[in-house]
Protein chains: 6
Amino acid sequence: MDTGELYERGLRLRKKIFGESNVEKRMQSMGEFGAPLQHIVNAYVYGDIWTRQELPNKSRSLAMLGITAAINRPEEFRIHVKGALANGCTREEIREVLLLVAMYCGVPASNEAHRIALEVFGEA
Amino acid sequence: MDTGELYERGLRLRKKIFGESNVEKRMQSMGEFGAPLQHIVNAYVYGDIWTRQELPNKSRSLAMLGITAAINRPEEFRIHVKGALANGCTREEIREVLLLVAMYCGVPASNEAHRIALEVFGEA
Amino acid sequence: MDTGELYERGLRLRKKIFGESNVEKRMQSMGEFGAPLQHIVNAYVYGDIWTRQELPNKSRSLAMLGITAAINRPEEFRIHVKGALANGCTREEIREVLLLVAMYCGVPASNEAHRIALEVFGEA
Amino acid sequence: MDTGELYERGLRLRKKIFGESNVEKRMQSMGEFGAPLQHIVNAYVYGDIWTRQELPNKSRSLAMLGITAAINRPEEFRIHVKGALANGCTREEIREVLLLVAMYCGVPASNEAHRIALEVFGEA
Amino acid sequence: MDTGELYERGLRLRKKIFGESNVEKRMQSMGEFGAPLQHIVNAYVYGDIWTRQELPNKSRSLAMLGITAAINRPEEFRIHVKGALANGCTREEIREVLLLVAMYCGVPASNEAHRIALEVFGEA
Amino acid sequence: MDTGELYERGLRLRKKIFGESNVEKRMQSMGEFGAPLQHIVNAYVYGDIWTRQELPNKSRSLAMLGITAAINRPEEFRIHVKGALANGCTREEIREVLLLVAMYCGVPASNEAHRIALEVFGEA
């Protein structure tokens, strides 16, 4: 497949999950300097990996909450809480992953994840 | 609930997922020194968190693969690949999480996770 | 022991170390969504682990400063600087742990820990 | 560009840096299960990022030593020591990066990196 | 060499790279409590490691961008973007390291590094 | 103070804590390539930080167990279990730190720390 198509396909999926204006705002903030990274995100991450059919994106979202909490990247965790809600995860399901995070990554990781999830729920 | 009951309930679930002899061998290797940690694992982790009803354990297992790959703990990842298979995850579903790991934790984290998953599949 | 008792015992210790109003504010901010995590913190972390008699809590606090600096969780580090002062650690003792952090976790980890410790000292 | 071309271009570069038989052995060990990850590595990592012209690969290799030591992935660090030598880095230059690792990631990270670098030098 | 000389030599280099007033402001914010850490930074990090002749500081700076992005210390990364520009790295060269970070540490690490680099470029 | 004296003072302390032959074996394995890192360890880490009088080395050792478990460096953790025993820590005190590690860094970090501590105790 052409990487241009991959990029367009990924950008469409990304906008569907996270909202068109959110994605456009984020891409503009990256400017020309960030264009190669946006290519990675759109073409490789969303156009390839997230587009694969072997797992529903709701399950991907639950795994993403564990992954982004574990790697200590709160802004990415915030984005993927929004994505999880858009992909059909309930607050109760989200919480279950955060309780695993408490026991396997430690309570501080789960404290911060709870704080951010509550902020996202408050905005929703 | 009494913590003794919590412990027994967790130990039963743990043996169901990971196999009776595996769990017993692991607990024996911890000895008296490791008894308080085994209490944490049996009572709090499995007797409480894993026993909760709001998420099927198959979904917990998929999230656990992302979490244990992200925190760079290969021996725990190995255990949770076995648990994921026991909880009904397919190899294709497991792989999808490992591809997320590649893009969100980096390719080295996913390389190691692939290597261990393949070892577990080879033993199964 | 009943987990309800464990919870109450932990909550009392937590309030004694970190201050009643601080703990209540934190628990309220977690709401119903955060109740299971607050159960983990009160019953398991403080009601069980911190209540054990084999080590004085002053020594636990010094170890906690090293741990929370190492895992890159500045908000938890801040809480445990306050706890360390309440448990009788001096500023000089706290600094010694932060110098170990510089050599074993790297200078950036110690820079941030110093910055936060100085903020806590300024508020005290 | 077509992703198939990207893959072939990346595979050629990868073999040039790390040796044809090493790369083939690694790819075979990944099997069919690992094919999507090998696609990421060949097409996206080497066919895209490592092929870019804005930085000589010798400089990329020096940065990679810092990155793979920092993320605590010794097997990847080992591979990139070999790659650094193949890309023209001297042992003295490699050591300078490992001394930065000592001060910014902590002495234990640098200890392990030294140990592995010495093993690679011994094999060369 | 006397550690006092090492300190003075390191402080001079540090001021040359990061700017005299920036370094003085940072040192004053550390006060008496932070004096031993400032000794580590001036004497050991800059007076010893950064003063070594085996690698140009431009190469050190590129490695530092990878290291500080990988260890998830955004404030240190920001300082070393400024240092990289002062040491003669171009924006294009800086970006190449951040693209390696995306593939080897994960996209979230590179997202944050891009955001900070763009802020520094905007101030320059 | 002269850095040569700092080095000698640190080397003496290091041999006192970890055993003369252990330290010599480790230093020899580092060879000429590792001489600058050994200078960091002997002069800066042990000659400076560990020699400071504001904290007993028994307390330093307890903090070190938390730090080296948290940063996921099992070989360094092993060395500091030996050092903790030499500095007068009991097995019960060591365990208390490992239980904090379970709750604040996650159960997998504590599992590995327990495994290594038991190996060291078995050799003692």
# chains A, B, ... in the order shown; residues from 1 in each chain; ligands from 1
$ closest_atom_pairs --of "chain F" --to "chain A" --cutoff "7 Å" --atoms "only C-alpha atoms" --output "CSV"
residue,atom,partner,partner_atom,distance
F:Met103,CA,A:Gly106,CA,5.3
F:Tyr104,CA,A:Gly106,CA,4.2
F:Cys105,CA,A:Gly106,CA,4.3
F:Gly106,CA,A:Gly106,CA,4.0
F:Val107,CA,A:Tyr104,CA,5.3
F:Pro108,CA,A:Tyr104,CA,6.3
$ write_last_selection --atoms "C-alpha atoms" --output "compact mmCIF listing (two decimals), in the first residue's frame"
# COMPACT_ATOMS: atom_id res chain seq x y z
CA MET F 103 2.82 -1.14 46.94
CA TYR F 104 4.62 1.84 45.38
CA CYS F 105 6.49 0.25 42.43
CA GLY F 106 4.13 -2.70 41.90
CA VAL F 107 4.18 -6.36 42.80
CA PRO F 108 6.48 -7.44 39.92
$ calpha_fit_and_write --fixed "chain E" --moving "chain A" --output "compact mmCIF listing (two decimals) with C-alpha atoms, in the first residue's frame"
# COMPACT_ATOMS: atom_id res chain seq x y z
CA MET A 1 43.19 17.66 40.49
CA ASP A 2 41.66 19.60 43.39
CA THR A 3 37.87 19.33 43.53
CA GLY A 4 37.68 23.13 43.93
CA GLU A 5 39.38 23.56 40.55
CA LEU A 6 37.12 20.91 39.06
CA TYR A 7 34.12 22.87 40.34
CA GLU A 8 35.35 26.16 38.86
CA ARG A 9 36.19 24.58 35.53
CA GLY A 10 32.77 22.94 35.34
CA LEU A 11 30.94 26.10 36.33
CA ARG A 12 32.72 28.03 33.57
CA LEU A 13 31.75 25.45 30.94
CA ARG A 14 28.18 25.27 32.23
CA LYS A 15 27.81 29.07 31.99
CA LYS A 16 29.32 29.05 28.50
CA ILE A 17 26.78 26.45 27.26
CA PHE A 18 23.63 27.50 29.12
CA GLY A 19 24.21 31.23 29.75
CA GLU A 20 25.65 32.91 32.84
CA SER A 21 22.41 34.32 34.24
CA ASN A 22 20.48 31.05 33.68
CA VAL A 23 23.07 29.08 35.61
CA GLU A 24 23.27 31.62 38.40
CA LYS A 25 19.50 31.76 38.78
CA ARG A 26 19.34 27.98 38.94
CA MET A 27 22.11 27.76 41.51
CA GLN A 28 20.51 30.41 43.72
CA SER A 29 17.17 28.59 43.64
CA MET A 30 18.93 25.55 45.10
CA GLY A 31 20.25 27.50 48.09
CA GLU A 32 22.33 26.00 50.87
CA PHE A 33 20.25 22.81 50.89
CA GLY A 34 21.18 22.19 47.25
CA ALA A 35 24.88 23.02 47.57
CA PRO A 36 26.07 19.36 47.59
CA LEU A 37 24.04 18.61 44.46
CA GLN A 38 25.39 21.74 42.76
CA HIS A 39 28.85 20.45 43.64
CA ILE A 40 28.04 17.19 41.87
CA VAL A 41 26.76 19.07 38.81
CA ASN A 42 29.57 21.59 38.55
CA ALA A 43 32.57 19.49 39.57
CA TYR A 44 31.66 15.97 38.49
CA VAL A 45 29.20 16.39 35.60
CA TYR A 46 30.59 19.50 33.86
CA GLY A 47 34.10 19.79 35.35
CA ASP A 48 34.88 16.14 34.64
CA ILE A 49 32.57 14.38 32.12
CA TRP A 50 31.60 17.29 29.83
CA THR A 51 35.18 18.59 29.82
CA ARG A 52 36.68 15.38 28.43
CA GLN A 53 38.20 15.78 24.97
CA GLU A 54 37.24 12.48 23.29
CA LEU A 55 33.90 13.74 21.90
CA PRO A 56 32.82 17.19 20.66
CA ASN A 57 30.11 18.73 22.83
CA LYS A 58 27.81 18.94 19.81
CA SER A 59 27.76 15.12 19.76
CA ARG A 60 27.30 15.04 23.53
CA SER A 61 24.28 17.32 23.13
CA LEU A 62 22.64 15.07 20.54
CA ALA A 63 23.09 12.06 22.82
CA MET A 64 21.74 14.11 25.75
CA LEU A 65 18.51 14.80 23.84
CA GLY A 66 17.96 11.07 23.40
CA ILE A 67 18.86 10.36 27.03
CA THR A 68 16.70 13.07 28.64
CA ALA A 69 13.73 12.27 26.39
CA ALA A 70 14.09 8.57 27.22
CA ILE A 71 14.20 9.06 30.99
CA ASN A 72 11.02 11.17 30.92
CA ARG A 73 12.47 14.31 32.48
CA PRO A 74 10.95 17.15 30.45
CA GLU A 75 12.61 20.02 32.33
CA GLU A 76 16.05 18.52 31.76
CA PHE A 77 15.19 17.87 28.13
CA ARG A 78 14.28 21.56 27.77
CA ILE A 79 17.65 22.63 29.19
CA HIS A 80 19.50 20.31 26.83
CA VAL A 81 17.59 21.57 23.77
CA LYS A 82 18.94 25.02 24.64
CA GLY A 83 22.39 23.50 25.18
CA ALA A 84 22.19 21.66 21.85
CA LEU A 85 21.45 24.88 19.98
CA ALA A 86 24.32 26.61 21.82
CA ASN A 87 26.63 23.71 20.92
CA GLY A 88 25.84 24.10 17.22
CA CYS A 89 23.14 21.49 16.60
CA THR A 90 20.60 22.48 13.96
CA ARG A 91 16.86 22.02 14.38
CA GLU A 92 16.98 19.34 11.69
CA GLU A 93 19.62 17.37 13.58
CA ILE A 94 17.65 17.70 16.81
CA ARG A 95 14.57 16.37 15.03
CA GLU A 96 16.41 13.28 13.85
CA VAL A 97 17.12 12.27 17.43
CA LEU A 98 13.47 12.84 18.35
CA LEU A 99 12.40 10.52 15.53
CA LEU A 100 14.64 7.80 16.95
CA VAL A 101 12.97 8.47 20.31
CA ALA A 102 9.56 7.89 18.69
CA MET A 103 10.54 4.43 17.44
CA TYR A 104 12.69 3.26 20.37
CA CYS A 105 10.97 4.91 23.38
CA GLY A 106 7.49 5.18 21.88
CA VAL A 107 5.47 7.93 20.28
CA PRO A 108 4.36 9.56 23.58
CA ALA A 109 7.98 10.28 24.53
CA SER A 110 8.56 11.92 21.15
CA ASN A 111 5.32 13.91 21.28
CA GLU A 112 6.39 15.58 24.49
CA ALA A 113 9.93 16.14 23.24
CA HIS A 114 8.57 17.80 20.08
CA ARG A 115 6.29 20.05 22.13
CA ILE A 116 9.17 21.24 24.32
CA ALA A 117 11.61 21.66 21.41
CA LEU A 118 9.04 23.84 19.63
CA GLU A 119 8.65 25.96 22.76
CA VAL A 120 12.42 26.44 22.98
CA PHE A 121 12.67 27.29 19.26
CA GLY A 122 9.86 29.84 19.72
CA GLU A 123 11.81 31.57 22.49
CA ALA A 124 15.11 31.57 20.59
